[in-house]
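To be precise, the following lines are upload14.txt, and they hold compact mmCIF, C-alpha atoms.
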```txt
# COMPACT_ATOMS: atom_id res chain seq x y z
CA MET A 152 -9.81 20.53 18.23
CA ASP A 153 -10.65 21.74 21.71
CA LEU A 154 -8.62 19.66 24.16
CA ALA A 155 -10.68 20.99 27.06
CA ALA A 156 -13.98 19.92 25.53
CA LYS A 157 -16.33 17.48 27.19
CA HIS A 158 -15.66 13.79 26.41
CA ILE A 159 -12.34 14.65 24.71
CA GLY A 160 -10.83 11.61 26.45
CA PHE A 161 -13.00 9.30 24.34
CA VAL A 162 -11.76 10.98 21.16
CA LEU A 163 -8.11 10.72 22.15
CA ALA A 164 -8.58 7.11 23.27
CA SER A 165 -10.14 6.22 19.92
CA TYR A 166 -7.25 7.66 17.93
CA ALA A 167 -4.74 6.02 20.29
CA VAL A 168 -6.39 2.61 19.95
CA ALA A 169 -6.48 2.90 16.16
CA PHE A 170 -2.83 3.94 16.06
CA VAL A 171 -1.72 1.07 18.32
CA LEU A 172 -3.70 -1.56 16.39
CA LEU A 173 -2.51 -0.34 12.98
CA ALA A 174 1.09 -0.11 14.19
CA GLY A 175 0.80 -3.64 15.56
CA LEU A 176 -0.55 -4.88 12.24
CA ILE A 177 2.28 -3.26 10.29
CA LEU A 178 4.90 -4.67 12.68
CA PHE A 179 3.35 -8.13 12.36
CA LEU A 180 3.48 -7.99 8.57
CA VAL A 181 7.07 -6.72 8.56
CA ALA A 182 8.14 -9.44 11.01
CA ARG A 183 6.50 -12.09 8.84
CA MET A 184 8.24 -10.79 5.73
CA ARG A 185 11.62 -10.82 7.48
CA HIS A 186 11.07 -14.39 8.68
CA VAL A 187 10.14 -15.57 5.18
CA ARG A 188 13.11 -13.80 3.57
CA ARG A 189 15.53 -15.30 6.12
CA ARG A 190 14.14 -18.77 5.52
CA LEU A 191 14.31 -18.31 1.75
CA ALA A 192 17.94 -17.13 1.94
CA THR A 193 18.84 -20.16 4.11
CA LEU A 194 17.20 -22.60 1.70
CA GLN A 195 18.83 -20.97 -1.32
CA ALA A 196 22.24 -21.18 0.38
CA GLN A 197 21.64 -24.85 1.24
CA GLY A 198 20.61 -25.51 -2.34
CA ALA A 199 23.71 -23.80 -3.71
CA ARG A 200 25.96 -25.80 -1.32
CA ARG A 201 24.33 -29.04 -2.43
CA ARG A 202 24.81 -28.18 -6.09
CA ARG A 203 28.50 -27.35 -5.52
CA ALA A 204 28.99 -30.62 -3.60
CA ALA A 205 27.28 -32.61 -6.38
CA ALA A 206 29.43 -30.93 -9.04
CA ALA A 207 32.65 -31.67 -7.07
CA ARG A 208 31.72 -35.38 -6.76
CA GLN A 209 31.47 -35.83 -10.55
CA VAL A 210 34.63 -37.26 -12.17
CA THR A 211 35.44 -35.55 -15.45
CA PRO A 212 37.85 -37.07 -18.10
CA ALA A 213 39.71 -33.75 -18.59
CA ASP A 214 40.72 -33.70 -14.95
CA GLU A 215 41.99 -37.35 -14.90
CA GLY A 216 44.25 -37.31 -17.97
CA SER A 217 43.71 -40.23 -20.45
CA PRO A 218 40.21 -41.54 -20.67
CA THR A 219 39.49 -44.64 -18.57
CA LEU A 220 36.95 -47.34 -19.21
CA PRO A 221 34.42 -48.37 -16.61
CA GLU A 222 35.61 -51.19 -14.34
CA GLY A 223 35.21 -54.72 -15.72
CA ARG A 224 35.55 -53.72 -19.35
CA GLN A 225 38.66 -54.33 -21.41
CA GLU A 226 39.79 -52.52 -24.44
CA ALA A 227 39.33 -54.51 -27.59
CA SER A 228 42.78 -55.81 -28.78
CA PRO A 229 43.64 -55.64 -32.47
CA SER A 230 43.16 -59.02 -34.10
CA MET B 203 -3.99 -6.89 -15.57
CA PHE B 204 -5.73 -9.59 -13.57
CA ASN B 205 -4.28 -12.45 -15.60
CA TYR B 206 -1.04 -10.56 -16.21
CA LEU B 207 -0.33 -10.63 -12.47
CA ALA B 208 -1.31 -14.28 -12.10
CA ASN B 209 2.33 -15.19 -12.66
CA PRO B 210 3.92 -14.93 -9.18
CA ASN B 211 7.28 -13.70 -10.50
CA ARG B 212 5.60 -11.01 -12.53
CA PHE B 213 3.50 -10.01 -9.52
CA LEU B 214 6.64 -9.73 -7.35
CA ARG B 215 8.29 -7.46 -9.93
CA VAL B 216 5.27 -5.18 -10.25
CA GLN B 217 4.63 -5.11 -6.52
CA GLY B 218 8.25 -4.26 -5.78
CA ALA B 219 8.12 -1.31 -8.16
CA VAL B 220 4.76 0.00 -6.97
CA GLN B 221 5.07 -0.54 -3.20
CA PRO B 222 7.28 2.47 -2.25
CA TRP B 223 5.09 4.90 -4.20
CA LEU B 224 1.91 3.43 -2.77
CA ALA B 225 3.29 3.61 0.78
CA GLY B 226 4.35 7.23 0.25
CA LEU B 227 0.96 8.19 -1.16
CA THR B 228 -0.78 6.46 1.75
CA ALA B 229 1.31 8.39 4.27
CA LEU B 230 0.57 11.72 2.56
CA VAL B 231 -3.17 11.09 2.31
CA PHE B 232 -3.29 9.93 5.93
CA ALA B 233 -1.46 13.04 7.08
CA TYR B 234 -3.87 15.31 5.21
CA ALA B 235 -6.92 13.34 6.35
CA LEU B 236 -5.80 13.54 9.99
CA TYR B 237 -5.22 17.27 9.61
CA LEU B 238 -8.72 17.73 8.20
CA GLY B 239 -10.29 15.52 10.82
CA LEU B 240 -8.54 16.92 13.87
CA MET B 241 -7.81 20.54 12.92
CA VAL B 242 -10.28 21.68 10.25
CA ALA B 243 -13.54 19.83 10.85
CA PRO B 244 -15.85 21.74 13.21
CA GLN B 245 -17.50 20.34 16.32
CA ASP B 246 -20.94 18.87 15.90
CA TYR B 247 -23.73 20.92 17.45
CA GLN B 248 -24.98 17.81 19.34
CA GLN B 249 -21.95 15.54 19.64
CA GLY B 250 -19.29 18.16 20.21
CA GLU B 251 -15.74 16.91 19.74
CA THR B 252 -16.80 13.23 19.77
CA VAL B 253 -17.87 13.61 16.13
CA ARG B 254 -14.16 13.25 15.29
CA ILE B 255 -14.37 9.57 16.24
CA MET B 256 -16.43 9.20 13.05
CA PHE B 257 -13.31 9.79 10.96
CA ILE B 258 -11.84 6.52 12.24
CA HIS B 259 -14.92 4.51 13.06
CA VAL B 260 -16.75 4.84 9.73
CA PRO B 261 -13.75 4.12 7.45
CA ALA B 262 -12.70 1.15 9.59
CA SER B 263 -16.24 -0.25 9.60
CA SER B 264 -16.76 0.24 5.87
CA LEU B 265 -13.46 -1.36 4.99
CA ALA B 266 -14.01 -4.27 7.39
CA LEU B 267 -17.13 -5.06 5.35
CA GLY B 268 -15.48 -4.41 2.03
CA ILE B 269 -12.47 -6.57 2.80
CA TYR B 270 -14.64 -9.55 3.68
CA VAL B 271 -16.45 -9.15 0.38
CA PHE B 272 -13.05 -8.97 -1.34
CA MET B 273 -12.05 -12.23 0.35
CA ALA B 274 -15.24 -13.94 -0.77
CA ILE B 275 -14.78 -12.76 -4.35
CA ALA B 276 -11.14 -13.84 -4.32
CA HIS B 277 -12.06 -17.34 -3.19
CA ALA B 278 -14.88 -17.54 -5.72
CA LEU B 279 -12.36 -16.67 -8.45
CA GLY B 280 -9.99 -19.22 -7.00
CA PHE B 281 -12.64 -21.94 -7.14
CA VAL B 282 -13.93 -21.06 -10.60
CA LEU B 283 -10.91 -19.72 -12.51
CA ARG B 284 -8.15 -21.45 -10.51
CA HIS B 285 -6.30 -18.11 -10.36
CA PRO B 286 -2.98 -18.95 -8.65
CA LEU B 287 -2.92 -15.87 -6.41
CA ALA B 288 -6.63 -15.67 -5.54
CA ASP B 289 -6.61 -17.54 -2.24
CA ALA B 290 -3.23 -16.01 -1.34
CA ALA B 291 -4.78 -12.55 -1.76
CA ALA B 292 -7.69 -13.50 0.49
CA LYS B 293 -5.32 -14.91 3.10
CA ALA B 294 -3.25 -11.70 3.01
CA ALA B 295 -6.37 -9.52 3.37
CA ALA B 296 -7.78 -11.30 6.40
CA PRO B 297 -5.57 -9.89 9.18
CA ILE B 298 -6.10 -6.38 7.81
CA GLY B 299 -9.86 -6.83 7.79
CA ALA B 300 -9.78 -8.29 11.30
CA VAL B 301 -7.87 -5.29 12.64
CA PHE B 302 -10.26 -2.86 10.92
CA ALA B 303 -13.23 -4.74 12.41
CA LEU B 304 -11.63 -4.54 15.87
CA ILE B 305 -10.98 -0.81 15.44
CA SER B 306 -14.62 -0.40 14.45
CA LEU B 307 -15.85 -2.24 17.54
CA ILE B 308 -13.58 -0.42 20.00
CA THR B 309 -14.04 3.08 18.57
CA GLY B 310 -17.76 2.40 18.30
CA SER B 311 -17.82 1.56 22.02
CA LEU B 312 -15.83 4.69 22.85
CA TRP B 313 -18.27 6.74 20.78
CA GLY B 314 -21.29 4.97 22.25
CA LYS B 315 -20.50 5.75 25.88
CA PRO B 316 -20.81 9.57 25.63
CA MET B 317 -23.59 9.39 23.01
CA TRP B 318 -25.79 6.53 24.23
CA GLY B 319 -24.61 6.23 27.81
CA THR B 320 -23.31 2.70 27.25
CA TYR B 321 -20.21 1.07 25.78
CA TRP B 322 -22.18 -1.84 24.31
CA VAL B 323 -25.66 -3.01 23.52
CA TRP B 324 -26.69 -6.20 21.76
CA ASP B 325 -28.55 -4.48 18.96
CA ALA B 326 -28.52 -5.77 15.37
CA ARG B 327 -25.72 -3.58 14.01
CA LEU B 328 -23.26 -4.08 16.88
CA THR B 329 -23.99 -7.79 17.19
CA SER B 330 -23.61 -8.50 13.47
CA MET B 331 -20.38 -6.47 13.39
CA PHE B 332 -19.07 -8.56 16.30
CA VAL B 333 -20.03 -11.71 14.35
CA LEU B 334 -17.98 -10.38 11.42
CA PHE B 335 -14.96 -10.00 13.69
CA LEU B 336 -15.40 -13.60 14.87
CA LEU B 337 -15.68 -14.73 11.23
CA TYR B 338 -12.35 -13.05 10.50
CA LEU B 339 -10.74 -14.84 13.45
CA GLY B 340 -12.23 -18.16 12.36
CA TYR B 341 -10.98 -17.66 8.81
CA ILE B 342 -7.44 -16.92 10.02
CA ALA B 343 -7.59 -19.92 12.37
CA VAL B 344 -8.41 -22.24 9.45
CA TRP B 345 -5.24 -21.22 7.60
CA GLN B 346 -3.20 -21.74 10.77
CA ALA B 347 -4.78 -25.09 11.68
CA VAL B 348 -4.83 -26.88 8.33
CA GLU B 349 -1.31 -27.74 7.23
CA GLU B 350 -1.91 -28.69 3.60
CA PRO B 351 -2.30 -25.37 1.70
CA HIS B 352 -4.80 -26.50 -0.95
CA ARG B 353 -7.07 -28.05 1.66
CA ALA B 354 -6.73 -24.95 3.86
CA ALA B 355 -7.68 -22.76 0.90
CA ARG B 356 -10.81 -24.82 0.24
CA ILE B 357 -12.01 -24.74 3.84
CA ALA B 358 -11.14 -21.05 4.24
CA GLY B 359 -12.96 -20.36 1.00
CA ILE B 360 -16.10 -21.95 2.38
CA VAL B 361 -15.83 -19.81 5.52
CA ALA B 362 -15.48 -16.69 3.37
CA LEU B 363 -18.28 -17.54 0.95
CA VAL B 364 -20.76 -18.56 3.64
CA GLY B 365 -19.79 -15.76 6.01
CA VAL B 366 -20.24 -13.05 3.38
CA ILE B 367 -24.00 -13.30 3.92
CA ASN B 368 -23.33 -11.38 7.15
CA VAL B 369 -22.22 -8.31 5.19
CA PRO B 370 -25.66 -7.26 3.85
CA ILE B 371 -27.10 -8.12 7.27
CA ILE B 372 -24.70 -5.61 8.84
CA LYS B 373 -25.43 -3.02 6.16
CA PHE B 374 -29.22 -3.23 6.36
CA SER B 375 -29.53 -4.10 10.07
CA VAL B 376 -30.28 -0.48 10.95
CA GLU B 377 -33.23 -0.56 8.52
CA TRP B 378 -34.57 -4.04 9.17
CA TRP B 379 -34.54 -3.85 12.98
CA ASN B 380 -35.11 -1.27 15.69
CA THR B 381 -31.52 -0.48 16.59
CA LEU B 382 -29.73 1.94 18.87
CA HIS B 383 -27.17 2.48 16.10
CA GLN B 384 -28.14 5.34 13.82
CA PRO B 385 -29.38 4.70 10.26
CA SER B 386 -27.10 5.12 7.24
CA SER B 387 -25.86 8.66 6.70
CA LEU B 388 -23.52 8.15 3.79
CA LEU B 389 -24.72 5.52 1.32
CA ARG B 390 -28.45 6.16 1.26
CA ALA B 391 -31.19 7.09 -1.18
CA GLY B 392 -31.17 10.85 -1.53
CA GLY B 393 -27.43 11.17 -0.98
CA PRO B 394 -25.34 11.68 2.15
CA ALA B 395 -27.04 13.27 5.13
CA ILE B 396 -23.79 14.81 6.38
CA ASP B 397 -22.77 18.45 6.20
CA PRO B 398 -19.92 19.07 3.72
CA SER B 399 -17.68 20.39 6.51
CA ILE B 400 -17.79 16.90 8.05
CA LEU B 401 -18.25 14.93 4.84
CA LYS B 402 -14.98 16.14 3.27
CA PRO B 403 -12.73 14.95 6.14
CA LEU B 404 -14.71 11.71 6.30
CA LEU B 405 -14.15 10.97 2.61
CA TRP B 406 -10.45 11.78 2.87
CA ASN B 407 -10.12 9.44 5.85
CA MET B 408 -11.94 6.72 3.94
CA GLY B 409 -9.49 7.20 1.09
CA ALA B 410 -6.57 7.00 3.51
CA PHE B 411 -7.84 3.76 5.02
CA ALA B 412 -8.46 2.30 1.56
CA LEU B 413 -4.92 3.14 0.45
CA LEU B 414 -3.58 1.64 3.66
CA PHE B 415 -5.47 -1.57 2.94
CA LEU B 416 -4.08 -1.70 -0.60
CA THR B 417 -0.52 -1.07 0.59
CA LEU B 418 -0.67 -3.71 3.31
CA LEU B 419 -2.48 -6.18 1.05
CA LEU B 420 0.24 -6.06 -1.62
CA TYR B 421 2.95 -6.31 1.03
CA GLY B 422 1.23 -9.25 2.73
CA LEU B 423 0.63 -10.94 -0.62
CA ARG B 424 4.33 -10.63 -1.45
CA ALA B 425 5.15 -12.38 1.83
CA GLU B 426 2.61 -15.10 1.03
CA VAL B 427 4.08 -15.70 -2.45
CA LEU B 428 7.58 -15.98 -0.95
CA ALA B 429 6.28 -18.27 1.81
CA ARG B 430 4.87 -20.61 -0.85
CA ARG B 431 8.23 -20.59 -2.56
CA VAL B 432 9.84 -21.54 0.79
CA ARG B 433 7.40 -24.41 1.19
CA GLN B 434 8.14 -25.71 -2.32
CA MET B 435 11.88 -25.61 -1.65
CA GLU B 436 11.47 -27.36 1.71
CA LEU B 437 9.41 -30.11 0.08
CA ALA B 438 11.97 -30.46 -2.73
CA GLN B 439 14.82 -30.73 -0.23
CA ALA B 440 12.91 -33.24 1.88
CA GLY B 441 12.24 -35.28 -1.27
CA ALA B 442 15.91 -35.17 -2.30
CA ALA B 443 17.08 -36.18 1.19
CA GLY B 444 14.54 -39.01 1.48
```
Could you show the structure in this file as structure tokens?
Amino acid sequence: MDLAAKHIGFVLASYAVAFVLLAGLILFLVARMRHVRRRLATLQAQGARRRRAAAARQVTPADEGSPTLPEGRQEASPS
Amino acid sequence: MFNYLANPNRFLRVQGAVQPWLAGLTALVFAYALYLGLMVAPQDYQQGETVRIMFIHVPASSLALGIYVFMAIAHALGFVLRHPLADAAAKAAAPIGAVFALISLITGSLWGKPMWGTYWVWDARLTSMFVLFLLYLGYIAVWQAVEEPHRAARIAGIVALVGVINVPIIKFSVEWWNTLHQPSSLLRAGGPAIDPSILKPLLWNMGAFALLFLTLLLYGLRAEVLARRVRQMELAQAGAAG
């Protein structure tokens, strides 16, 4: 390429414009991907916390010792 | 392959494996194409060095048309076959097509000034290409403006399917009307009217742009699939909280 040629400025400007626009497009797509991944990680962490909290709220018989009946119910006495 | 990748999880796996290789190949082809276009291709006897603008302008223009056709086909498949990734693929392609259309318009103006003595003229080819750029912007605006994804896909699909009529108008405008823009030199009856010393760099640059589109499309589609997953999780959490 002859950099001293006539109208060379138009050629260089064209390549510069294409480079800037394509770089901008790639940066936009990368930024979007990062945003989505961050949001997904946050939601997955929130979901995991909720599941752990729900599991901790459940009362299991093995943890409490002897089995207990629900309130209001009495064990049947031998006749 | 088409139905195989309809499963989003399967698509994510395949895309993740293919993406680095595709990106690397794109970079290599671009490097070689730029070398051919800037260092090897000779000056044109009439246009001088400005002929090198062709190596960006023509690929960008061709792909801007091709991508809009791709979007229309994707939406048609979405409407007819209910392919789960069809409208997502069209949505991912739109920004790429819009940028290629803009590159075509700007580089065309920069080529027009030394060749025709003007940056712009409202002839059939330039005007219809500008309409295509506006169609791209309108399509993207629909996805941004309509919150409900299925409704957005339907409206965007109509924009794509109706707007695609502009593509043959652009292609044949130089034959149907008296235009300042030159007639077709590449895809024409009788074969290309371009010397091989210019044709070879042009074809390599077209290949580079096509690979770039494919790379960015798959990357953008991955982001779209993950964004839909985010939306589903947000809705599920809102439902659980409510």
Item to check | Point-to-point distance in Å for atom CA of Arg431 of chain B and atom CA of Gly299 of chain B | outcome: 25.0 Å
Next on the checklist: One number please: atom CA of Trp313 of chain B to atom CA of Trp406 of chain B, in Å, one decimal.
Outcome noted: 20.2 Å
Checklist entry - For chain A, which residues have at least one atom within 12 Å of chain B, if we go by only C-alpha atoms? Write them as a PyMOL selection string, please. => result chain A and resi 152-199+201-202
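Take atom CA of Ser399 of chain B and atom CA of Ser264 of chain B: the distance between them is 20.2 Å.
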Quick one: what's the axis-aligned box for segment 394-404 of chain B, all listed atoms, 6 Å on every side, centre and edges in Å to one decimal, as AutoDock Vina command-line options?
```
--center_x -19.9 --center_y 16.0 --center_z 5.1 --size_x 26.3 --size_y 20.7 --size_z 17.9
```
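Closest approach to Tyr321 of chain B among B:Ala276, B:Val220, B:Leu307, B:Trp345: B:Leu307, based on only C-alpha atoms.
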Write segment 283-305 of chain B as a CSV table (one decimal), in the coordinates of the input, completed to N, CA, C and O atoms.
```
chain,number,residue,atom,x,y,z
B,283,LEU,N,-11.9,-20.0,-11.5
B,283,LEU,CA,-10.9,-19.7,-12.5
B,283,LEU,C,-9.6,-20.4,-12.2
B,283,LEU,O,-8.7,-20.3,-13.0
B,284,ARG,N,-9.4,-20.9,-10.9
B,284,ARG,CA,-8.2,-21.4,-10.5
B,284,ARG,C,-7.0,-20.4,-10.6
B,284,ARG,O,-5.9,-20.8,-11.0
B,285,HIS,N,-7.3,-19.2,-10.3
B,285,HIS,CA,-6.3,-18.1,-10.4
B,285,HIS,C,-5.3,-18.4,-9.3
B,285,HIS,O,-5.6,-18.6,-8.1
B,286,PRO,N,-4.0,-18.5,-9.6
B,286,PRO,CA,-3.0,-19.0,-8.6
B,286,PRO,C,-2.8,-18.0,-7.4
B,286,PRO,O,-2.3,-18.5,-6.4
B,287,LEU,N,-3.1,-16.8,-7.5
B,287,LEU,CA,-2.9,-15.9,-6.4
B,287,LEU,C,-4.2,-15.5,-5.7
B,287,LEU,O,-4.2,-14.7,-4.7
B,288,ALA,N,-5.3,-16.1,-6.1
B,288,ALA,CA,-6.6,-15.7,-5.5
B,288,ALA,C,-6.7,-16.0,-4.0
B,288,ALA,O,-7.0,-15.1,-3.2
B,289,ASP,N,-6.5,-17.2,-3.7
B,289,ASP,CA,-6.6,-17.5,-2.2
B,289,ASP,C,-5.5,-16.9,-1.4
B,289,ASP,O,-5.7,-16.6,-0.2
B,290,ALA,N,-4.3,-16.7,-2.0
B,290,ALA,CA,-3.2,-16.0,-1.3
B,290,ALA,C,-3.6,-14.6,-1.0
B,290,ALA,O,-3.3,-14.0,0.0
B,291,ALA,N,-4.3,-13.9,-2.0
B,291,ALA,CA,-4.8,-12.6,-1.8
B,291,ALA,C,-5.8,-12.5,-0.6
B,291,ALA,O,-5.8,-11.6,0.2
B,292,ALA,N,-6.7,-13.5,-0.6
B,292,ALA,CA,-7.7,-13.5,0.5
B,292,ALA,C,-7.0,-13.7,1.8
B,292,ALA,O,-7.4,-13.1,2.8
B,293,LYS,N,-6.0,-14.6,1.9
B,293,LYS,CA,-5.3,-14.9,3.1
B,293,LYS,C,-4.6,-13.7,3.6
B,293,LYS,O,-4.5,-13.4,4.8
B,294,ALA,N,-4.0,-12.9,2.6
B,294,ALA,CA,-3.2,-11.7,3.0
B,294,ALA,C,-4.2,-10.6,3.5
B,294,ALA,O,-3.8,-9.8,4.3
B,295,ALA,N,-5.4,-10.6,3.0
B,295,ALA,CA,-6.4,-9.5,3.4
B,295,ALA,C,-7.0,-9.7,4.7
B,295,ALA,O,-7.4,-8.8,5.4
B,296,ALA,N,-7.0,-11.0,5.2
B,296,ALA,CA,-7.8,-11.3,6.4
B,296,ALA,C,-7.3,-10.6,7.7
B,296,ALA,O,-8.1,-10.0,8.4
B,297,PRO,N,-6.0,-10.6,8.0
B,297,PRO,CA,-5.6,-9.9,9.2
B,297,PRO,C,-5.9,-8.4,9.1
B,297,PRO,O,-6.2,-7.8,10.2
B,298,ILE,N,-5.8,-7.8,7.9
B,298,ILE,CA,-6.1,-6.4,7.8
B,298,ILE,C,-7.6,-6.1,8.1
B,298,ILE,O,-7.9,-5.2,8.9
B,299,GLY,N,-8.4,-7.0,7.5
B,299,GLY,CA,-9.9,-6.8,7.8
B,299,GLY,C,-10.2,-7.1,9.3
B,299,GLY,O,-11.1,-6.4,9.8
B,300,ALA,N,-9.5,-8.0,9.9
B,300,ALA,CA,-9.8,-8.3,11.3
B,300,ALA,C,-9.4,-7.1,12.2
B,300,ALA,O,-10.2,-6.7,13.1
B,301,VAL,N,-8.3,-6.5,11.9
B,301,VAL,CA,-7.9,-5.3,12.6
B,301,VAL,C,-8.8,-4.1,12.4
B,301,VAL,O,-9.2,-3.4,13.4
B,302,PHE,N,-9.3,-3.9,11.2
B,302,PHE,CA,-10.3,-2.9,10.9
B,302,PHE,C,-11.6,-3.1,11.7
B,302,PHE,O,-12.2,-2.2,12.2
B,303,ALA,N,-12.0,-4.4,11.7
B,303,ALA,CA,-13.2,-4.7,12.4
B,303,ALA,C,-13.1,-4.5,13.9
B,303,ALA,O,-14.0,-3.9,14.6
B,304,LEU,N,-11.9,-4.8,14.4
B,304,LEU,CA,-11.6,-4.5,15.9
B,304,LEU,C,-11.6,-3.0,16.2
B,304,LEU,O,-12.2,-2.6,17.2
B,305,ILE,N,-11.0,-2.3,15.3
B,305,ILE,CA,-11.0,-0.8,15.4
B,305,ILE,C,-12.4,-0.3,15.4
B,305,ILE,O,-12.8,0.6,16.2
```
